[in-house]
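Participant: Got a structure here, written out as structure tokens. Questions coming.
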Amino acid sequence: DGGITQSPKYLFRKEGQNVTLSCEQNLNHDAMYWYRQDPGQGLRLIYYSQIVNDFQKGDIAEGYSVSREKKESFPLTVTSAQKNPTAFYLCASTGTADSSYNEQFFGPGTRLTVL
Amino acid sequence: QKEVEQDPGPLSVPEGAIVSLNCTYSNSAFQYFMWYRQYSRKGPELLMYTYSSGNKEDGRFTAQVDKSSKYISLFIRDSQPSDSATYLCAMRNSGGSNYKLTFGKGTLLTVNP
């Protein structure tokens with residue numbers, strides 16, 4: 001089955017640690033995204049990538065880093081510089097074929113808690 | 001003013017009620033309008049999308065876009081307890097190739113049996 005997988009489902013981090021969240025898709029999509037969701041805040045874009053080896057900052061990129069070495073994979077690192085990292089993190093992808101609309105598919109999410 | 005405004009609720013209705021969910025926006029360049037449904041602790045899933053103005057119906061769901069008022073709605077007829085979820089509106093421009101979406105904050109809906 002095609003889809004987006006995120007791991008782990010739950011992640012606990014001590015203050016001062018970097019952690020990496022995994023996102024893999026087998027939909028052959030070019031574009032991938034990372035969002036953060038806080039209660040009552042909706043989804044806020046952290047980083048996005050339209051093509052391998054290229055990515056752009058979203059609205060709240062400070063304290064995060066990404067890489068896009070493979071089309072299928074778009075890992076997110078939450079660094080110790082992120083002051084309030086406890087949140088629900090969602091990865092998404094979309095095809096960029098020449099069509100009128102390209103749905104953005106979401107993964108199941110990773111809940112990160114800082115202890 | 002935020003680009004997309006959505007009343008977070010919570011909204012509680014009895015089973016069988018008609019539900020109306022709404023978003024307003026300020027960016028007149030938005031052309032694609034979407035509604036996502038998100039169950040607790042899950043990723044959002046696309047429910048409906050509409051291009052430009054007009055209505056779109058899919059079973060019990062109707063999406064409505066009024067670009068002149070910068071207002072979109074999602075109507076749920078004969079609501080069911082399984083419709084209990086957070087509903088997120090999202091929208092984007094038609095131009096460019098990044099397909100970035102701008103989301104509302106989401107409305108939490110509970111349908112009581």
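Here, A, B, ... name the chains of the structure tokens in the order displayed, residue numbers run from 1 inside each chain, and ligands are numbered from 1 in the same displayed order.
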As a PDB file with N, CA, C and O atoms, in the first residue's frame, could you give me every residue of chain B near chain A (at most 12 Å apart, counting only C-alpha atoms)?
Facilitator:
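The resulting file, selection-v8.pdb, is shown below:
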ATOM      1  N   LYS B   2      -4.880  37.512  10.705  1.00  0.00           N
ATOM      2  CA  LYS B   2      -4.357  36.245  10.214  1.00  0.00           C
ATOM      3  C   LYS B   2      -4.917  35.969   8.827  1.00  0.00           C
ATOM      4  O   LYS B   2      -6.021  36.379   8.494  1.00  0.00           O
ATOM      5  N   VAL B   4      -5.935  33.135   7.571  1.00  0.00           N
ATOM      6  CA  VAL B   4      -7.100  32.251   7.633  1.00  0.00           C
ATOM      7  C   VAL B   4      -7.620  32.231   9.063  1.00  0.00           C
ATOM      8  O   VAL B   4      -6.873  31.961   9.991  1.00  0.00           O
ATOM      9  N   GLU B   5      -8.889  32.503   9.226  1.00  0.00           N
ATOM     10  CA  GLU B   5      -9.522  32.500  10.533  1.00  0.00           C
ATOM     11  C   GLU B   5     -10.556  31.381  10.584  1.00  0.00           C
ATOM     12  O   GLU B   5     -11.384  31.238   9.671  1.00  0.00           O
ATOM     13  N   GLN B   6     -10.516  30.618  11.665  1.00  0.00           N
ATOM     14  CA  GLN B   6     -11.467  29.522  11.843  1.00  0.00           C
ATOM     15  C   GLN B   6     -11.842  29.441  13.305  1.00  0.00           C
ATOM     16  O   GLN B   6     -10.965  29.432  14.173  1.00  0.00           O
ATOM     17  N   ASP B   7     -13.121  29.410  13.598  1.00  0.00           N
ATOM     18  CA  ASP B   7     -13.599  29.307  14.969  1.00  0.00           C
ATOM     19  C   ASP B   7     -13.224  27.930  15.520  1.00  0.00           C
ATOM     20  O   ASP B   7     -13.646  26.918  14.964  1.00  0.00           O
ATOM     21  N   PRO B   8     -12.445  27.874  16.608  1.00  0.00           N
ATOM     22  CA  PRO B   8     -11.982  26.581  17.117  1.00  0.00           C
ATOM     23  C   PRO B   8     -13.031  25.757  17.829  1.00  0.00           C
ATOM     24  O   PRO B   8     -12.810  24.579  18.126  1.00  0.00           O
ATOM     25  N   GLY B   9     -14.209  26.368  18.088  1.00  0.00           N
ATOM     26  CA  GLY B   9     -15.255  25.653  18.809  1.00  0.00           C
ATOM     27  C   GLY B   9     -14.890  25.557  20.298  1.00  0.00           C
ATOM     28  O   GLY B   9     -14.343  26.510  20.844  1.00  0.00           O
ATOM     29  N   PRO B  10     -15.201  24.453  20.968  1.00  0.00           N
ATOM     30  CA  PRO B  10     -15.749  23.218  20.398  1.00  0.00           C
ATOM     31  C   PRO B  10     -17.225  23.336  20.047  1.00  0.00           C
ATOM     32  O   PRO B  10     -17.932  24.164  20.576  1.00  0.00           O
ATOM     33  N   GLN B  31      -6.896  30.202  -4.375  1.00  0.00           N
ATOM     34  CA  GLN B  31      -7.774  29.659  -5.413  1.00  0.00           C
ATOM     35  C   GLN B  31      -8.260  28.246  -5.081  1.00  0.00           C
ATOM     36  O   GLN B  31      -9.304  27.833  -5.539  1.00  0.00           O
ATOM     37  N   TYR B  32      -7.466  27.483  -4.335  1.00  0.00           N
ATOM     38  CA  TYR B  32      -7.839  26.126  -3.959  1.00  0.00           C
ATOM     39  C   TYR B  32      -8.213  26.123  -2.481  1.00  0.00           C
ATOM     40  O   TYR B  32      -7.475  26.642  -1.654  1.00  0.00           O
ATOM     41  N   PHE B  33      -9.353  25.498  -2.192  1.00  0.00           N
ATOM     42  CA  PHE B  33      -9.878  25.491  -0.833  1.00  0.00           C
ATOM     43  C   PHE B  33     -10.176  24.049  -0.434  1.00  0.00           C
ATOM     44  O   PHE B  33     -10.847  23.323  -1.167  1.00  0.00           O
ATOM     45  N   MET B  34      -9.689  23.658   0.703  1.00  0.00           N
ATOM     46  CA  MET B  34      -9.778  22.281   1.138  1.00  0.00           C
ATOM     47  C   MET B  34     -10.327  22.163   2.544  1.00  0.00           C
ATOM     48  O   MET B  34     -10.188  23.089   3.353  1.00  0.00           O
ATOM     49  N   TRP B  35     -10.944  21.054   2.820  1.00  0.00           N
ATOM     50  CA  TRP B  35     -11.334  20.681   4.172  1.00  0.00           C
ATOM     51  C   TRP B  35     -10.682  19.344   4.504  1.00  0.00           C
ATOM     52  O   TRP B  35     -10.816  18.367   3.757  1.00  0.00           O
ATOM     53  N   TYR B  36      -9.972  19.338   5.624  1.00  0.00           N
ATOM     54  CA  TYR B  36      -9.368  18.121   6.134  1.00  0.00           C
ATOM     55  C   TYR B  36     -10.096  17.708   7.418  1.00  0.00           C
ATOM     56  O   TYR B  36     -10.511  18.562   8.208  1.00  0.00           O
ATOM     57  N   ARG B  37     -10.186  16.402   7.637  1.00  0.00           N
ATOM     58  CA  ARG B  37     -10.731  15.853   8.872  1.00  0.00           C
ATOM     59  C   ARG B  37      -9.588  15.175   9.610  1.00  0.00           C
ATOM     60  O   ARG B  37      -8.811  14.418   9.030  1.00  0.00           O
ATOM     61  N   GLN B  38      -9.520  15.454  10.913  1.00  0.00           N
ATOM     62  CA  GLN B  38      -8.452  14.866  11.716  1.00  0.00           C
ATOM     63  C   GLN B  38      -9.051  14.241  12.969  1.00  0.00           C
ATOM     64  O   GLN B  38      -9.588  14.948  13.831  1.00  0.00           O
ATOM     65  N   TYR B  39      -8.920  12.930  13.063  1.00  0.00           N
ATOM     66  CA  TYR B  39      -9.317  12.235  14.284  1.00  0.00           C
ATOM     67  C   TYR B  39      -8.219  12.395  15.315  1.00  0.00           C
ATOM     68  O   TYR B  39      -7.052  12.634  14.983  1.00  0.00           O
ATOM     69  N   SER B  40      -8.588  12.225  16.573  1.00  0.00           N
ATOM     70  CA  SER B  40      -7.663  12.463  17.667  1.00  0.00           C
ATOM     71  C   SER B  40      -6.385  11.640  17.514  1.00  0.00           C
ATOM     72  O   SER B  40      -6.443  10.430  17.272  1.00  0.00           O
ATOM     73  N   ARG B  41      -5.249  12.301  17.608  1.00  0.00           N
ATOM     74  CA  ARG B  41      -3.932  11.673  17.573  1.00  0.00           C
ATOM     75  C   ARG B  41      -3.629  11.001  16.220  1.00  0.00           C
ATOM     76  O   ARG B  41      -2.828  10.062  16.145  1.00  0.00           O
ATOM     77  N   LYS B  42      -4.274  11.474  15.155  1.00  0.00           N
ATOM     78  CA  LYS B  42      -4.034  10.941  13.814  1.00  0.00           C
ATOM     79  C   LYS B  42      -3.635  12.075  12.878  1.00  0.00           C
ATOM     80  O   LYS B  42      -3.774  13.247  13.197  1.00  0.00           O
ATOM     81  N   GLY B  43      -3.133  11.721  11.685  1.00  0.00           N
ATOM     82  CA  GLY B  43      -2.852  12.719  10.682  1.00  0.00           C
ATOM     83  C   GLY B  43      -4.128  13.163   9.989  1.00  0.00           C
ATOM     84  O   GLY B  43      -5.103  12.414   9.910  1.00  0.00           O
ATOM     85  N   PRO B  44      -4.176  14.392   9.479  1.00  0.00           N
ATOM     86  CA  PRO B  44      -5.358  14.868   8.748  1.00  0.00           C
ATOM     87  C   PRO B  44      -5.548  14.084   7.449  1.00  0.00           C
ATOM     88  O   PRO B  44      -4.580  13.632   6.830  1.00  0.00           O
ATOM     89  N   GLU B  45      -6.811  13.952   7.043  1.00  0.00           N
ATOM     90  CA  GLU B  45      -7.126  13.337   5.760  1.00  0.00           C
ATOM     91  C   GLU B  45      -8.021  14.283   4.975  1.00  0.00           C
ATOM     92  O   GLU B  45      -8.901  14.936   5.539  1.00  0.00           O
ATOM     93  N   LEU B  46      -7.772  14.360   3.678  1.00  0.00           N
ATOM     94  CA  LEU B  46      -8.541  15.271   2.842  1.00  0.00           C
ATOM     95  C   LEU B  46      -9.988  14.800   2.729  1.00  0.00           C
ATOM     96  O   LEU B  46     -10.254  13.655   2.373  1.00  0.00           O
ATOM     97  N   LEU B  47     -10.892  15.717   3.006  1.00  0.00           N
ATOM     98  CA  LEU B  47     -12.324  15.432   2.911  1.00  0.00           C
ATOM     99  C   LEU B  47     -12.890  15.939   1.585  1.00  0.00           C
ATOM    100  O   LEU B  47     -13.545  15.213   0.852  1.00  0.00           O
ATOM    101  N   MET B  48     -12.613  17.191   1.285  1.00  0.00           N
ATOM    102  CA  MET B  48     -13.114  17.798   0.055  1.00  0.00           C
ATOM    103  C   MET B  48     -12.201  18.930  -0.374  1.00  0.00           C
ATOM    104  O   MET B  48     -11.549  19.552   0.466  1.00  0.00           O
ATOM    105  N   TYR B  49     -12.180  19.190  -1.669  1.00  0.00           N
ATOM    106  CA  TYR B  49     -11.522  20.385  -2.144  1.00  0.00           C
ATOM    107  C   TYR B  49     -12.368  21.046  -3.210  1.00  0.00           C
ATOM    108  O   TYR B  49     -13.154  20.386  -3.899  1.00  0.00           O
ATOM    109  N   THR B  50     -12.213  22.352  -3.334  1.00  0.00           N
ATOM    110  CA  THR B  50     -12.955  23.142  -4.305  1.00  0.00           C
ATOM    111  C   THR B  50     -11.999  24.117  -4.964  1.00  0.00           C
ATOM    112  O   THR B  50     -11.142  24.699  -4.292  1.00  0.00           O
ATOM    113  N   TYR B  51     -12.138  24.273  -6.245  1.00  0.00           N
ATOM    114  CA  TYR B  51     -11.349  25.253  -6.973  1.00  0.00           C
ATOM    115  C   TYR B  51     -12.222  26.466  -7.242  1.00  0.00           C
ATOM    116  O   TYR B  51     -13.337  26.332  -7.740  1.00  0.00           O
ATOM    117  N   SER B  52     -11.741  27.627  -6.855  1.00  0.00           N
ATOM    118  CA  SER B  52     -12.431  28.896  -7.069  1.00  0.00           C
ATOM    119  C   SER B  52     -13.779  28.901  -6.351  1.00  0.00           C
ATOM    120  O   SER B  52     -13.948  28.276  -5.314  1.00  0.00           O
ATOM    121  N   THR B  86     -11.686  16.840  14.481  1.00  0.00           N
ATOM    122  CA  THR B  86     -11.328  18.241  14.225  1.00  0.00           C
ATOM    123  C   THR B  86     -11.333  18.474  12.720  1.00  0.00           C
ATOM    124  O   THR B  86     -10.769  17.670  11.969  1.00  0.00           O
ATOM    125  N   TYR B  87     -11.969  19.538  12.292  1.00  0.00           N
ATOM    126  CA  TYR B  87     -12.058  19.871  10.868  1.00  0.00           C
ATOM    127  C   TYR B  87     -11.197  21.099  10.594  1.00  0.00           C
ATOM    128  O   TYR B  87     -11.362  22.144  11.211  1.00  0.00           O
ATOM    129  N   LEU B  88     -10.278  20.935   9.663  1.00  0.00           N
ATOM    130  CA  LEU B  88      -9.322  21.984   9.318  1.00  0.00           C
ATOM    131  C   LEU B  88      -9.611  22.496   7.912  1.00  0.00           C
ATOM    132  O   LEU B  88      -9.699  21.697   6.972  1.00  0.00           O
ATOM    133  N   CYS B  89      -9.750  23.806   7.781  1.00  0.00           N
ATOM    134  CA  CYS B  89      -9.793  24.351   6.434  1.00  0.00           C
ATOM    135  C   CYS B  89      -8.361  24.672   6.004  1.00  0.00           C
ATOM    136  O   CYS B  89      -7.493  24.941   6.839  1.00  0.00           O
ATOM    137  N   ALA B  90      -8.122  24.610   4.702  1.00  0.00           N
ATOM    138  CA  ALA B  90      -6.798  24.906   4.160  1.00  0.00           C
ATOM    139  C   ALA B  90      -6.976  25.525   2.783  1.00  0.00           C
ATOM    140  O   ALA B  90      -7.964  25.245   2.089  1.00  0.00           O
ATOM    141  N   MET B  91      -6.034  26.320   2.381  1.00  0.00           N
ATOM    142  CA  MET B  91      -6.148  26.972   1.085  1.00  0.00           C
ATOM    143  C   MET B  91      -4.778  27.323   0.530  1.00  0.00           C
ATOM    144  O   MET B  91      -3.802  27.390   1.279  1.00  0.00           O
ATOM    145  N   ARG B  92      -4.716  27.510  -0.795  1.00  0.00           N
ATOM    146  CA  ARG B  92      -3.450  27.891  -1.409  1.00  0.00           C
ATOM    147  C   ARG B  92      -3.692  28.646  -2.708  1.00  0.00           C
ATOM    148  O   ARG B  92      -4.784  28.629  -3.280  1.00  0.00           O
ATOM    149  N   ASN B  93      -2.604  29.277  -3.158  1.00  0.00           N
ATOM    150  CA  ASN B  93      -2.652  29.974  -4.443  1.00  0.00           C
ATOM    151  C   ASN B  93      -2.679  28.961  -5.580  1.00  0.00           C
ATOM    152  O   ASN B  93      -2.359  27.797  -5.393  1.00  0.00           O
ATOM    153  N   SER B  94      -3.022  29.429  -6.750  1.00  0.00           N
ATOM    154  CA  SER B  94      -2.951  28.577  -7.934  1.00  0.00           C
ATOM    155  C   SER B  94      -1.592  28.682  -8.597  1.00  0.00           C
ATOM    156  O   SER B  94      -1.159  27.783  -9.288  1.00  0.00           O
ATOM    157  N   GLY B  95      -0.882  29.729  -8.365  1.00  0.00           N
ATOM    158  CA  GLY B  95       0.399  29.925  -9.024  1.00  0.00           C
ATOM    159  C   GLY B  95       1.537  29.296  -8.253  1.00  0.00           C
ATOM    160  O   GLY B  95       1.382  28.876  -7.118  1.00  0.00           O
ATOM    161  N   GLY B  96       2.687  29.205  -8.852  1.00  0.00           N
ATOM    162  CA  GLY B  96       3.853  28.659  -8.179  1.00  0.00           C
ATOM    163  C   GLY B  96       3.839  27.148  -8.175  1.00  0.00           C
ATOM    164  O   GLY B  96       2.864  26.508  -8.560  1.00  0.00           O
ATOM    165  N   SER B  97       4.905  26.566  -7.673  1.00  0.00           N
ATOM    166  CA  SER B  97       5.008  25.110  -7.713  1.00  0.00           C
ATOM    167  C   SER B  97       5.251  24.496  -6.346  1.00  0.00           C
ATOM    168  O   SER B  97       5.529  23.316  -6.231  1.00  0.00           O
ATOM    169  N   ASN B  98       5.153  25.307  -5.280  1.00  0.00           N
ATOM    170  CA  ASN B  98       5.472  24.723  -3.985  1.00  0.00           C
ATOM    171  C   ASN B  98       4.267  24.108  -3.287  1.00  0.00           C
ATOM    172  O   ASN B  98       4.436  23.414  -2.311  1.00  0.00           O
ATOM    173  N   TYR B  99       3.067  24.368  -3.772  1.00  0.00           N
ATOM    174  CA  TYR B  99       1.849  23.770  -3.233  1.00  0.00           C
ATOM    175  C   TYR B  99       1.713  23.969  -1.738  1.00  0.00           C
ATOM    176  O   TYR B  99       1.172  23.129  -1.038  1.00  0.00           O
ATOM    177  N   LYS B 100       2.245  25.082  -1.229  1.00  0.00           N
ATOM    178  CA  LYS B 100       2.134  25.349   0.206  1.00  0.00           C
ATOM    179  C   LYS B 100       0.697  25.641   0.583  1.00  0.00           C
ATOM    180  O   LYS B 100       0.013  26.395  -0.091  1.00  0.00           O
ATOM    181  N   LEU B 101       0.276  25.041   1.681  1.00  0.00           N
ATOM    182  CA  LEU B 101      -1.070  25.253   2.188  1.00  0.00           C
ATOM    183  C   LEU B 101      -1.030  26.165   3.397  1.00  0.00           C
ATOM    184  O   LEU B 101      -0.106  26.099   4.206  1.00  0.00           O
ATOM    185  N   THR B 102      -2.062  26.983   3.551  1.00  0.00           N
ATOM    186  CA  THR B 102      -2.265  27.768   4.754  1.00  0.00           C
ATOM    187  C   THR B 102      -3.498  27.213   5.446  1.00  0.00           C
ATOM    188  O   THR B 102      -4.569  27.127   4.838  1.00  0.00           O
ATOM    189  N   PHE B 103      -3.332  26.834   6.713  1.00  0.00           N
ATOM    190  CA  PHE B 103      -4.397  26.164   7.461  1.00  0.00           C
ATOM    191  C   PHE B 103      -5.079  27.103   8.448  1.00  0.00           C
ATOM    192  O   PHE B 103      -4.452  28.014   9.003  1.00  0.00           O
ATOM    193  N   GLY B 104      -6.376  26.841   8.677  1.00  0.00           N
ATOM    194  CA  GLY B 104      -7.043  27.404   9.821  1.00  0.00           C
ATOM    195  C   GLY B 104      -6.662  26.619  11.066  1.00  0.00           C
ATOM    196  O   GLY B 104      -5.991  25.582  10.985  1.00  0.00           O
ATOM    197  N   LYS B 105      -7.098  27.083  12.226  1.00  0.00           N
ATOM    198  CA  LYS B 105      -6.709  26.432  13.484  1.00  0.00           C
ATOM    199  C   LYS B 105      -7.480  25.148  13.748  1.00  0.00           C
ATOM    200  O   LYS B 105      -7.098  24.371  14.607  1.00  0.00           O
ATOM    201  N   GLY B 106      -8.571  24.934  13.001  1.00  0.00           N
ATOM    202  CA  GLY B 106      -9.356  23.722  13.200  1.00  0.00           C
ATOM    203  C   GLY B 106     -10.530  23.944  14.137  1.00  0.00           C
ATOM    204  O   GLY B 106     -10.437  24.723  15.087  1.00  0.00           O
ATOM    205  N   THR B 107     -11.645  23.250  13.853  1.00  0.00           N
ATOM    206  CA  THR B 107     -12.836  23.274  14.705  1.00  0.00           C
ATOM    207  C   THR B 107     -13.082  21.864  15.225  1.00  0.00           C
ATOM    208  O   THR B 107     -13.189  20.919  14.435  1.00  0.00           O
ATOM    209  N   LEU B 108     -13.159  21.723  16.550  1.00  0.00           N
ATOM    210  CA  LEU B 108     -13.415  20.418  17.173  1.00  0.00           C
ATOM    211  C   LEU B 108     -14.912  20.179  17.212  1.00  0.00           C
ATOM    212  O   LEU B 108     -15.660  20.944  17.820  1.00  0.00           O
TER     213      LEU B 108
END
Participant: According to DSSP computed on the backbone, where in chain A is there strand (DSSP E)? Give the residues as a PyMOL selection string.
Facilitator: chain A and resi 4-7+10-13+19-25+31-38+42-51+54-57+64-66+76-78+87-94+105-106+110-114
Participant: I want to know what sits within 10 Å of B:Asp66, based on only C-alpha atoms, with residues of the same chain fewer than 5 positions away left out; could you give that as a PyMOL selection string?
Facilitator: chain B and resi 24+52-55+71-73
Participant: Next, dump the selected residues to file, keeping only all heavy atoms, as a short mmCIF file (atom, residue, chain, number, x, y, z; two decimals), in the first residue's frame.
Facilitator:
data_model
loop_
_atom_site.label_atom_id
_atom_site.label_comp_id
_atom_site.auth_asym_id
_atom_site.auth_seq_id
_atom_site.Cartn_x
_atom_site.Cartn_y
_atom_site.Cartn_z
N THR B 24 -12.86 32.15 7.25
CA THR B 24 -12.69 33.36 6.46
C THR B 24 -11.21 33.54 6.17
O THR B 24 -10.35 33.01 6.88
CB THR B 24 -13.21 34.60 7.21
OG1 THR B 24 -12.49 34.73 8.45
CG2 THR B 24 -14.70 34.48 7.50
N SER B 52 -11.74 27.63 -6.86
CA SER B 52 -12.43 28.90 -7.07
C SER B 52 -13.78 28.90 -6.35
O SER B 52 -13.95 28.28 -5.31
CB SER B 52 -12.56 29.16 -8.57
OG SER B 52 -12.93 30.51 -8.80
N SER B 53 -14.77 29.58 -6.86
CA SER B 53 -16.04 29.72 -6.17
C SER B 53 -17.01 28.60 -6.52
O SER B 53 -16.83 27.88 -7.49
CB SER B 53 -16.69 31.07 -6.54
OG SER B 53 -16.07 32.12 -5.87
N GLY B 54 -18.06 28.48 -5.70
CA GLY B 54 -19.12 27.53 -6.02
C GLY B 54 -19.30 26.49 -4.94
O GLY B 54 -18.72 26.56 -3.87
N ASN B 55 -20.15 25.53 -5.24
CA ASN B 55 -20.48 24.44 -4.32
C ASN B 55 -19.98 23.13 -4.87
O ASN B 55 -19.89 22.93 -6.08
CB ASN B 55 -22.00 24.34 -4.15
CG ASN B 55 -22.58 25.51 -3.40
OD1 ASN B 55 -21.86 26.44 -3.04
ND2 ASN B 55 -23.87 25.46 -3.18
N TYR B 71 -15.00 33.69 2.09
CA TYR B 71 -15.67 32.88 3.11
C TYR B 71 -15.90 31.49 2.53
O TYR B 71 -16.41 31.35 1.42
CB TYR B 71 -17.01 33.56 3.42
CG TYR B 71 -17.80 32.99 4.56
CD1 TYR B 71 -17.58 33.44 5.85
CD2 TYR B 71 -18.79 32.04 4.34
CE1 TYR B 71 -18.32 32.95 6.91
CE2 TYR B 71 -19.54 31.54 5.39
CZ TYR B 71 -19.31 32.01 6.67
OH TYR B 71 -20.05 31.52 7.71
N ILE B 72 -15.50 30.45 3.30
CA ILE B 72 -15.77 29.09 2.86
C ILE B 72 -16.50 28.35 3.96
O ILE B 72 -16.35 28.68 5.16
CB ILE B 72 -14.50 28.33 2.44
CG1 ILE B 72 -13.60 28.02 3.64
CG2 ILE B 72 -13.73 29.12 1.39
CD1 ILE B 72 -12.45 27.07 3.30
N SER B 73 -17.30 27.37 3.56
CA SER B 73 -18.09 26.60 4.51
C SER B 73 -18.05 25.13 4.17
O SER B 73 -17.88 24.75 3.00
CB SER B 73 -19.55 27.07 4.48
OG SER B 73 -19.67 28.42 4.81
#
Participant: If we count only C-alpha atoms and set the cut-off at 10 Å, which residues sit around A:Lys71, ignoring sequence neighbours fewer than 6 positions away in its own chain? Please answer as a ChimeraX atom specification.
Facilitator: /A:24-32,49-53
Participant: Can you tell me which residues surround A:Lys14 at a distance of at most 10 Å, considering only C-alpha atoms, apart from same-chain residues fewer than 4 positions away, and format the answer as a ChimeraX atom specification?
Facilitator: /A:18-19,80,113-115
Participant: With a distance cut-off of 8 Å and only C-alpha atoms, select the neighbouring residues of B:Phe61, excluding the residue or stretch itself and same-chain residues fewer than 6 positions from it, and output the selection as a list in words.
Facilitator: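 So the residues in contact are Leu74, Phe75, Ile76 and Arg77 of chain B.
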Participant: Considering only C-alpha atoms, return as a ChimeraX atom specification whatever protein or nucleic-acid residues lie within 8 Å of B:Glu3, sequence-local ones (same chain, fewer than 4 positions apart) excluded.
Facilitator: /B:25-27,102
Participant: Could you check how far atom CA of A:Ser67 sits from atom CA of A:Leu112, in Å to one decimal?
Facilitator: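 Interatomic distance, atom CA of A:Ser67 to atom CA of A:Leu112: 19.3 Å.
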Participant: Just how far from atom CA of B:Ser84 is atom CA of B:Ser12, in Å to one decimal?
Facilitator: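 These two atoms are separated by 9.0 Å.
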Participant: Could you check the closest approach to B:Ala17 for each of B:Ser79, B:Asn112, B:Ala29, B:Lys70 and tell me which residue wins, using only C-alpha atoms?
Facilitator: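 Checking each of B:Ser79, B:Asn112, B:Ala29, B:Lys70 against B:Ala17, counting only C-alpha atoms, the winner is B:Ser79.
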Participant: What is the distance between atom CA of A:Asp54 and atom CA of A:Val78, in Å to one decimal?
Facilitator: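 Atom-to-atom, atom CA of A:Asp54 and atom CA of A:Val78 are spaced 18.6 Å apart.
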